[in-house]
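Containing compact mmCIF, C-alpha atoms and all ligand atoms: final-v2.txt.
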# COMPACT_ATOMS: atom_id res chain seq x y z
CA MET A 1 -127.48 -116.08 -140.31
CA GLY A 2 -125.53 -114.45 -137.51
CA LEU A 3 -124.89 -110.75 -137.14
CA PRO A 4 -121.53 -109.34 -138.17
CA ARG A 5 -119.32 -108.76 -135.16
CA VAL A 6 -117.31 -105.60 -134.85
CA ASP A 7 -114.63 -105.94 -132.23
CA GLY A 8 -110.94 -105.49 -131.69
CA SER A 9 -110.02 -108.86 -133.12
CA HIS A 10 -111.18 -107.66 -136.54
CA CYS A 11 -109.43 -104.31 -136.37
CA ASN A 12 -107.10 -103.82 -139.29
CA ASN A 13 -104.18 -101.49 -139.69
CA LEU A 14 -105.47 -100.35 -143.03
CA ALA A 15 -103.60 -97.73 -145.03
CA MET A 16 -106.95 -96.50 -146.29
CA ARG A 17 -110.60 -96.92 -145.37
CA ILE A 18 -113.77 -96.61 -147.42
CA GLY A 19 -117.03 -95.42 -145.96
CA ILE A 20 -120.43 -95.05 -147.60
CA ASP A 21 -123.35 -93.28 -145.95
CA LEU A 22 -126.90 -94.01 -147.07
CA GLY A 23 -128.80 -90.80 -146.43
CA GLY A 24 -132.37 -89.85 -147.25
CA THR A 25 -131.42 -87.46 -150.06
CA LYS A 26 -127.85 -88.46 -150.91
CA ILE A 27 -125.48 -91.39 -150.84
CA GLU A 28 -121.96 -90.31 -150.02
CA ALA A 29 -118.63 -92.10 -150.20
CA VAL A 30 -115.31 -91.18 -148.66
CA ILE A 31 -111.80 -92.58 -148.63
CA ILE A 32 -109.73 -91.68 -145.57
CA ASP A 33 -106.09 -92.46 -144.94
CA ALA A 34 -104.66 -94.20 -141.87
CA ASP A 35 -104.70 -90.90 -139.95
CA GLY A 36 -108.32 -90.26 -140.80
CA LYS A 37 -107.59 -87.54 -143.36
CA PRO A 38 -110.06 -87.50 -146.29
CA ARG A 39 -108.37 -88.45 -149.58
CA TRP A 40 -111.42 -88.49 -151.82
CA ARG A 41 -115.10 -87.76 -151.36
CA GLN A 42 -118.13 -87.82 -153.58
CA ARG A 43 -121.91 -87.87 -153.26
CA MET A 44 -124.74 -88.91 -155.54
CA PRO A 45 -128.47 -88.24 -155.17
CA SER A 46 -130.36 -91.00 -153.39
CA VAL A 47 -133.47 -92.66 -154.75
CA THR A 48 -136.40 -90.29 -154.21
CA LYS A 49 -138.91 -91.07 -151.53
CA GLU A 50 -141.83 -90.70 -153.93
CA THR A 51 -141.02 -93.92 -155.69
CA ASP A 52 -143.74 -96.57 -155.49
CA ASN A 53 -141.67 -99.37 -156.98
CA LEU A 54 -139.75 -100.51 -153.92
CA PRO A 55 -137.83 -103.43 -155.48
CA GLU A 56 -136.65 -101.11 -158.25
CA ALA A 57 -135.65 -98.44 -155.75
CA TYR A 58 -133.63 -101.06 -153.87
CA GLN A 59 -131.82 -102.15 -157.04
CA GLN A 60 -131.12 -98.49 -157.84
CA THR A 61 -129.63 -98.01 -154.39
CA LEU A 62 -127.30 -100.99 -154.91
CA ALA A 63 -126.33 -99.59 -158.32
CA ILE A 64 -125.52 -96.14 -156.89
CA ILE A 65 -123.31 -97.67 -154.20
CA SER A 66 -121.53 -99.78 -156.81
CA GLU A 67 -121.02 -96.74 -159.05
CA LEU A 68 -119.57 -94.70 -156.18
CA LEU A 69 -117.18 -97.51 -155.34
CA GLN A 70 -116.00 -97.73 -158.94
CA ARG A 71 -115.33 -94.00 -158.95
CA ALA A 72 -113.49 -94.33 -155.64
CA GLU A 73 -111.32 -97.07 -157.12
CA GLN A 74 -110.50 -94.92 -160.13
CA ALA A 75 -109.44 -92.11 -157.81
CA GLU A 76 -107.44 -94.36 -155.45
CA PRO A 77 -106.52 -97.70 -157.08
CA ALA A 78 -104.98 -98.78 -153.76
CA ILE A 79 -108.44 -99.38 -152.28
CA LYS A 80 -109.04 -102.33 -154.59
CA ASN A 81 -110.13 -105.33 -152.52
CA LEU A 82 -110.34 -103.34 -149.29
CA PRO A 83 -113.47 -103.87 -147.18
CA VAL A 84 -116.25 -101.28 -147.05
CA GLY A 85 -118.14 -99.73 -144.15
CA ILE A 86 -121.75 -98.68 -144.68
CA GLY A 87 -123.78 -96.30 -142.56
CA THR A 88 -127.48 -97.07 -142.81
CA PRO A 89 -130.62 -95.31 -141.66
CA GLY A 90 -131.87 -98.46 -139.90
CA ALA A 91 -130.53 -101.69 -138.45
CA GLU A 92 -129.82 -105.22 -139.58
CA SER A 93 -132.07 -107.72 -137.82
CA ALA A 94 -130.81 -111.01 -136.40
CA GLY A 95 -132.08 -112.71 -139.57
CA GLY A 96 -129.89 -110.49 -141.74
CA VAL A 97 -132.63 -108.32 -143.21
CA MET A 98 -132.90 -104.56 -142.78
CA LYS A 99 -135.46 -103.01 -140.45
CA ASN A 100 -136.50 -99.55 -139.22
CA CYS A 101 -135.14 -97.73 -142.30
CA ASN A 102 -136.92 -94.54 -143.28
CA SER A 103 -135.67 -95.28 -146.81
CA ILE A 104 -138.37 -97.93 -146.75
CA TRP A 105 -137.21 -99.88 -149.82
CA LEU A 106 -134.28 -101.13 -147.74
CA ASN A 107 -136.56 -102.80 -145.20
CA GLY A 108 -136.82 -106.57 -145.51
CA GLN A 109 -133.78 -106.70 -147.83
CA ARG A 110 -130.54 -108.55 -147.19
CA LEU A 111 -128.54 -105.39 -147.80
CA ARG A 112 -125.18 -106.49 -146.43
CA GLN A 113 -125.25 -109.83 -148.19
CA ASP A 114 -126.40 -108.26 -151.47
CA LEU A 115 -123.64 -105.66 -151.28
CA GLU A 116 -120.99 -108.26 -150.52
CA ASN A 117 -122.07 -110.18 -153.61
CA LYS A 118 -122.28 -107.11 -155.83
CA LEU A 119 -119.08 -105.41 -154.64
CA GLN A 120 -117.09 -108.60 -154.06
CA ARG A 121 -115.80 -107.21 -150.77
CA SER A 122 -116.48 -107.65 -147.09
CA VAL A 123 -119.05 -105.20 -145.78
CA ARG A 124 -119.77 -104.00 -142.27
CA MET A 125 -122.82 -101.91 -141.46
CA ALA A 126 -123.91 -99.72 -138.57
CA ASN A 127 -126.73 -97.27 -138.03
CA ASP A 128 -126.28 -93.51 -138.20
CA ALA A 129 -125.96 -93.00 -134.43
CA ASN A 130 -123.22 -95.64 -134.20
CA CYS A 131 -121.36 -94.09 -137.15
CA PHE A 132 -121.70 -90.68 -135.50
CA ALA A 133 -120.15 -91.97 -132.26
CA LEU A 134 -117.35 -93.76 -134.11
CA ALA A 135 -116.43 -90.70 -136.18
CA GLU A 136 -116.44 -88.31 -133.21
CA ALA A 137 -114.34 -90.81 -131.23
CA HIS A 138 -111.69 -91.05 -133.96
CA MET A 139 -111.65 -87.63 -135.58
CA GLY A 140 -114.02 -85.30 -133.73
CA ALA A 141 -114.62 -83.80 -130.32
CA ALA A 142 -113.83 -87.05 -128.45
CA ARG A 143 -110.65 -88.02 -130.32
CA HIS A 144 -108.60 -87.85 -127.10
CA ALA A 145 -110.90 -90.24 -125.20
CA GLN A 146 -110.76 -94.01 -124.72
CA SER A 147 -114.44 -94.39 -123.89
CA VAL A 148 -117.08 -92.36 -125.69
CA PHE A 149 -120.85 -92.31 -125.60
CA GLY A 150 -122.22 -90.49 -128.66
CA VAL A 151 -125.66 -88.98 -128.26
CA ILE A 152 -127.94 -87.59 -130.95
CA LEU A 153 -130.61 -85.14 -129.84
CA GLY A 154 -132.49 -84.40 -133.04
CA THR A 155 -135.64 -85.54 -134.78
CA GLY A 156 -135.01 -88.74 -132.87
CA VAL A 157 -132.75 -89.67 -129.96
CA GLY A 158 -129.98 -92.16 -130.65
CA GLY A 159 -126.66 -93.19 -129.27
CA GLY A 160 -123.54 -95.25 -129.82
CA LEU A 161 -120.78 -96.60 -127.63
CA VAL A 162 -117.11 -96.64 -128.64
CA ILE A 163 -114.43 -98.20 -126.43
CA ASN A 164 -110.76 -97.94 -127.42
CA GLY A 165 -111.75 -96.87 -130.91
CA GLN A 166 -114.01 -99.87 -131.43
CA LEU A 167 -117.75 -99.69 -131.82
CA HIS A 168 -119.62 -101.87 -129.35
CA GLN A 169 -122.76 -103.04 -131.13
CA GLY A 170 -123.85 -105.70 -128.66
CA VAL A 171 -125.25 -109.18 -129.09
CA ASN A 172 -128.67 -107.81 -130.09
CA HIS A 173 -127.21 -104.91 -132.06
CA ILE A 174 -128.92 -102.40 -129.77
CA ALA A 175 -126.01 -101.05 -127.71
CA GLY A 176 -126.43 -97.32 -127.26
CA GLU A 177 -130.18 -97.25 -127.79
CA TRP A 178 -130.82 -95.18 -124.65
CA GLY A 179 -133.53 -93.28 -126.55
CA HIS A 180 -135.88 -96.20 -126.02
CA ASN A 181 -135.30 -96.54 -122.32
CA ARG A 182 -138.26 -95.30 -120.33
CA LEU A 183 -137.71 -91.75 -119.12
CA PRO A 184 -136.67 -91.90 -115.44
CA ILE A 185 -139.24 -89.88 -113.49
CA ALA A 186 -137.92 -87.82 -110.58
CA LEU A 187 -139.69 -87.55 -107.28
CA PRO A 188 -137.85 -84.75 -105.47
CA GLU A 189 -138.51 -84.07 -101.82
CA ASN A 190 -140.15 -80.85 -100.71
CA GLU A 191 -139.08 -78.99 -97.57
CA ARG A 192 -141.31 -81.25 -95.43
CA GLY A 193 -139.48 -84.32 -96.75
CA GLU A 194 -142.47 -85.49 -98.79
CA ASN A 195 -142.19 -86.57 -102.36
CA GLU A 196 -143.72 -84.37 -104.99
CA ILE A 197 -144.15 -85.30 -108.59
CA ALA A 198 -141.82 -83.01 -110.50
CA GLU A 199 -143.59 -83.27 -113.81
CA PRO A 200 -147.20 -83.72 -114.74
CA LEU A 201 -147.74 -87.41 -115.34
CA GLN A 202 -147.85 -87.88 -119.07
CA GLN A 203 -148.28 -90.81 -121.34
CA ARG A 204 -146.34 -90.41 -124.57
CA ALA A 205 -146.57 -93.13 -127.18
CA CYS A 206 -143.32 -93.84 -129.02
CA TYR A 207 -143.20 -95.06 -132.61
CA CYS A 208 -141.41 -98.18 -131.30
CA GLY A 209 -144.61 -99.33 -129.59
CA ARG A 210 -143.48 -98.47 -126.05
CA ASN A 211 -144.64 -95.57 -123.91
CA ASN A 212 -142.65 -92.69 -122.40
CA CYS A 213 -139.39 -93.52 -124.15
CA VAL A 214 -136.62 -90.98 -123.57
CA GLU A 215 -136.97 -90.06 -127.25
CA THR A 216 -140.56 -88.89 -126.79
CA PHE A 217 -139.27 -86.24 -124.34
CA LEU A 218 -135.74 -85.38 -125.48
CA SER A 219 -136.11 -85.30 -129.28
CA GLY A 220 -136.93 -82.02 -131.01
CA PRO A 221 -140.59 -83.04 -131.41
CA GLY A 222 -140.55 -84.09 -127.72
CA LEU A 223 -139.39 -80.64 -126.60
CA SER A 224 -141.96 -79.05 -128.87
CA ARG A 225 -144.65 -81.18 -127.27
CA SER A 226 -143.54 -80.29 -123.75
CA TYR A 227 -143.86 -76.62 -124.66
CA PHE A 228 -147.28 -77.22 -126.16
CA LEU A 229 -148.48 -78.94 -122.98
CA ALA A 230 -147.27 -75.99 -120.92
CA SER A 231 -148.47 -73.18 -123.17
CA ASN A 232 -151.10 -74.62 -125.52
CA SER A 233 -149.01 -73.09 -128.28
CA LEU A 234 -147.50 -75.33 -130.97
CA VAL A 235 -144.00 -74.23 -132.05
CA SER A 236 -140.88 -76.05 -133.22
CA ALA A 237 -138.08 -77.09 -130.86
CA GLN A 238 -135.90 -74.44 -132.48
CA ASP A 239 -138.51 -71.79 -131.63
CA VAL A 240 -138.67 -73.04 -128.04
CA VAL A 241 -134.90 -72.60 -127.79
CA GLN A 242 -135.19 -69.07 -129.19
CA LYS A 243 -137.90 -68.25 -126.67
CA VAL A 244 -135.59 -69.44 -123.89
CA ALA A 245 -132.90 -67.08 -125.19
CA VAL A 246 -135.22 -64.05 -125.06
CA GLY A 247 -136.43 -64.88 -121.57
CA ASP A 248 -139.90 -66.34 -122.21
CA ALA A 249 -140.91 -67.62 -118.75
CA VAL A 250 -142.82 -70.71 -119.91
CA ALA A 251 -140.06 -71.67 -122.35
CA ARG A 252 -137.46 -71.34 -119.59
CA GLU A 253 -139.46 -73.63 -117.33
CA VAL A 254 -139.89 -76.18 -120.11
CA TRP A 255 -136.16 -76.00 -120.90
CA GLN A 256 -135.24 -76.58 -117.25
CA GLN A 257 -137.53 -79.58 -117.25
CA TYR A 258 -135.81 -80.77 -120.45
CA LEU A 259 -132.37 -80.44 -118.83
CA GLN A 260 -133.63 -82.39 -115.81
CA GLN A 261 -134.96 -85.15 -118.01
CA CYS A 262 -131.79 -85.28 -120.09
CA ALA A 263 -129.60 -85.30 -116.96
CA ARG A 264 -131.48 -88.18 -115.38
CA SER A 265 -131.41 -90.17 -118.61
CA LEU A 266 -127.67 -89.62 -119.16
CA ALA A 267 -126.88 -90.28 -115.49
CA GLN A 268 -128.14 -93.82 -116.01
CA VAL A 269 -125.73 -94.21 -118.91
CA ILE A 270 -122.86 -92.80 -116.85
CA ASN A 271 -123.63 -95.12 -113.92
CA ILE A 272 -123.35 -98.12 -116.24
CA VAL A 273 -120.73 -97.20 -118.84
CA ASP A 274 -118.85 -94.38 -117.06
CA PRO A 275 -117.52 -92.87 -120.31
CA GLU A 276 -114.76 -90.27 -120.43
CA VAL A 277 -116.71 -88.23 -122.94
CA ILE A 278 -120.35 -87.84 -123.91
CA VAL A 279 -120.41 -86.14 -127.28
CA VAL A 280 -123.67 -84.57 -128.43
CA GLY A 281 -124.90 -84.15 -132.00
CA GLY A 282 -128.23 -83.42 -133.66
CA GLY A 283 -130.18 -80.16 -133.85
CA LEU A 284 -130.39 -79.59 -130.09
CA SER A 285 -126.61 -79.98 -129.70
CA ASN A 286 -126.38 -76.40 -131.00
CA VAL A 287 -127.85 -75.04 -127.76
CA LEU A 288 -124.59 -74.00 -126.13
CA SER A 289 -126.00 -73.61 -122.61
CA LEU A 290 -126.47 -77.40 -122.61
CA TYR A 291 -122.76 -77.97 -121.95
CA ASP A 292 -122.62 -75.69 -118.89
CA GLU A 293 -125.97 -76.51 -117.38
CA LEU A 294 -126.49 -80.22 -117.92
CA PRO A 295 -123.54 -81.36 -115.75
CA CYS A 296 -125.03 -79.36 -112.85
CA TYR A 297 -128.33 -81.16 -113.30
CA TRP A 298 -126.87 -84.68 -113.55
CA ARG A 299 -124.72 -84.44 -110.41
CA PRO A 300 -127.38 -85.70 -107.91
CA TYR A 301 -128.05 -88.82 -109.99
CA ILE A 302 -124.47 -90.01 -110.50
CA PHE A 303 -122.96 -92.47 -108.05
CA SER A 304 -119.73 -90.58 -107.50
CA ASP A 305 -118.62 -87.54 -105.52
CA GLN A 306 -116.33 -86.49 -108.32
CA ILE A 307 -117.56 -86.54 -111.91
CA ASN A 308 -114.93 -86.33 -114.63
CA THR A 309 -117.19 -87.17 -117.58
CA GLN A 310 -116.92 -84.40 -120.16
CA LEU A 311 -119.98 -83.28 -122.11
CA LEU A 312 -118.84 -81.99 -125.50
CA LYS A 313 -120.45 -80.66 -128.66
CA ALA A 314 -119.87 -82.73 -131.79
CA GLU A 315 -117.39 -81.30 -134.30
CA LEU A 316 -117.98 -83.16 -137.54
CA GLY A 317 -121.54 -82.10 -138.38
CA ASP A 318 -123.12 -83.95 -141.30
CA SER A 319 -119.80 -85.60 -142.17
CA ALA A 320 -119.87 -87.85 -139.10
CA GLY A 321 -122.03 -90.48 -140.83
CA VAL A 322 -119.72 -91.15 -143.74
CA PHE A 323 -116.49 -90.89 -141.69
CA GLY A 324 -117.91 -93.23 -139.07
CA ALA A 325 -118.80 -95.75 -141.78
CA ALA A 326 -115.16 -95.72 -142.91
CA TRP A 327 -114.02 -96.38 -139.33
CA LEU A 328 -116.09 -99.57 -139.15
CA TRP A 329 -112.92 -101.34 -140.34
ZN ZN B 401 -139.37 -95.97 -128.18

What would the structure in this file look like if it were written as structure tokens?
Ligand SMILES: [Zn+2]
Amino acid sequence: MGLPRVDGSHCNNLAMRIGIDLGGTKIEAVIIDADGKPRWRQRMPSVTKETDNLPEAYQQTLAIISELLQRAEQAEPAIKNLPVGIGTPGAESAGGVMKNCNSIWLNGQRLRQDLENKLQRSVRMANDANCFALAEAHMGAARHAQSVFGVILGTGVGGGLVINGQLHQGVNHIAGEWGHNRLPIALPENERGENEIAEPLQQRACYCGRNNCVETFLSGPGLSRSYFLASNSLVSAQDVVQKVAVGDAVAREVWQQYLQQCARSLAQVINIVDPEVIVVGGGLSNVLSLYDELPCYWRPYIFSDQINTQLLKAELGDSAGVFGAAWLW
């Protein structure tokens, strides 16, 4: 079975859109109007992670989604028969089954097909990073931009690409997955013109089976690890950021290294996609110095004398997932 395509040819001028976000602790549904204004919104608790009966947990998840949609229809009868967008914690494989979901009962299930049968509507799905990018591009910090790369710097590192309001998922459904590129290592020249290794050579295993993925350096746990390697002291990414703010010398050095790494990684994206806006979400997006400093760090790596790409903080917070799901149609 082929993957669902999301492109301009399927874009509808819908009067209303329905989005459902499958989160770890809650499942949320929203109806937005043609301008993106929320008309109705409701959430229900998700299946708990402690469950050991995975098939039952999966059926419960389908039932919760169905219940939310019924409530949505009661609130706005006009949505009857409209398609639904679903934000998921993982991805749909080429064979049509779910993979990489931390809500593990979804893995191996034909979620989209099962939902289409149960809801009797067309369903499109995208992962949380893609929904984030889509929502910020339509309603958030990047709403003025034609080309948007959405970046999540949080527990993991994700991304999504939106061009002219349309999500680009790609033929393998991996567009935007810059977090699993290998971190570009810099070899700056010293005053004698010789290359020096800027960072201690490290080998970081990524959960995806590769080594030295961008995510293993730029996620919260990645930053925490960098600080540990420099200080032998294990603290959270948030604590590292606080130490930077109070002038801790080691933390400042680690943060500069982080900015360097982030700049080199994003410069590769800019050299390929050249987006108008890069919008940043996730826990580390709250570090405000990022937006002033990072563009200084990425300058040497970008193939242009003038760089107009804007780096902006996300505006929609936790709501981006469910709004982005609605914008899948
Ligand atoms: Zn990886």

Between A:Gln202, A:Gln70, A:Asn181, A:Gln242, which is the closest to ligand ZN 401 (chain B) once you count all atoms listed in the file? A:Asn181

Quick one: residues within 7 Å of range 87-98 of chain A, all atoms listed in the file, excluding same-chain residues fewer than 6 positions away - as a VMD selection string? chain A and resid 1 to 3 20 to 23 106 to 111 125 to 128 131 321 to 322 325

How would you write, as JSON, numbers by chain, the set of residues no farther than 9 Å from ligand ZN 401 (chain B) when counting only C-alpha atoms and all ligand atoms? {"A": [179, 180, 181, 182, 205, 206, 207, 208, 209, 210, 211, 212, 213, 214, 215, 216]}

Residue nearest Ala133 in chain A - candidates A:Arg121, A:Arg43, A:His168, A:Arg204, atoms counted: all atoms listed in the file: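 Using all atoms listed in the file, Ala133 in chain A sits closest to A:His168.
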
Distance of CA of Asn100 in chain A from CA of Leu161 in chain A, expressed in Å to one decimal place: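 Taking CA of Leu161 in chain A as the start and CA of Asn100 in chain A as the end point, the length is 19.8 Å.
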
Close residues, Asp318 in chain A itself excluded, 10 Å, all atoms listed in the file, min 2 positions apart in chain, as a list in words: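 Counting all atoms listed in the file, the residues come to Phe132, Gly281, Gly282, Glu315, Leu316, Ala320, Gly321, Val322 and Phe323 of chain A.
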
Residue subset to file, keeping C-alpha atoms, as a PDB file, keeping the file's coordinate frame:
ATOM      1  CA  PHE A 132    -121.700 -90.680-135.500  1.00  0.00           C
ATOM      2  CA  GLY A 281    -124.900 -84.150-132.000  1.00  0.00           C
ATOM      3  CA  GLY A 282    -128.230 -83.420-133.660  1.00  0.00           C
ATOM      4  CA  GLU A 315    -117.390 -81.300-134.300  1.00  0.00           C
ATOM      5  CA  LEU A 316    -117.980 -83.160-137.540  1.00  0.00           C
ATOM      6  CA  ALA A 320    -119.870 -87.850-139.100  1.00  0.00           C
ATOM      7  CA  GLY A 321    -122.030 -90.480-140.830  1.00  0.00           C
ATOM      8  CA  VAL A 322    -119.720 -91.150-143.740  1.00  0.00           C
ATOM      9  CA  PHE A 323    -116.490 -90.890-141.690  1.00  0.00           C
TER      10      PHE A 323
END

In Å, rounded to a single decimal, give me how far CA of Ser103 in chain A is from CA of Arg17 in chain A. 25.2 Å

Return as AutoDock Vina command-line options the centre and edge lengths, in Å with one decimal, of the box along x, y and z that encloses every atom of range 103-112 of chain A in the file, padded by 6 Å per side.
--center_x -131.8 --center_y -101.9 --center_z -147.5 --size_x 25.2 --size_y 25.3 --size_z 16.6

Which residue of A:Glu67, A:Asp292, A:Asp35, A:Glu76 approaches Met139 in chain A most closely, using only C-alpha atoms: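 Comparing A:Glu67, A:Asp292, A:Asp35, A:Glu76 against Met139 in chain A, the winner is A:Asp35.
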
What does the distance from CA of Val47 in chain A to CA of Leu69 in chain A come to in Å, to one decimal?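 Atom-to-atom, CA of Val47 in chain A and CA of Leu69 in chain A are spaced 17.0 Å apart.
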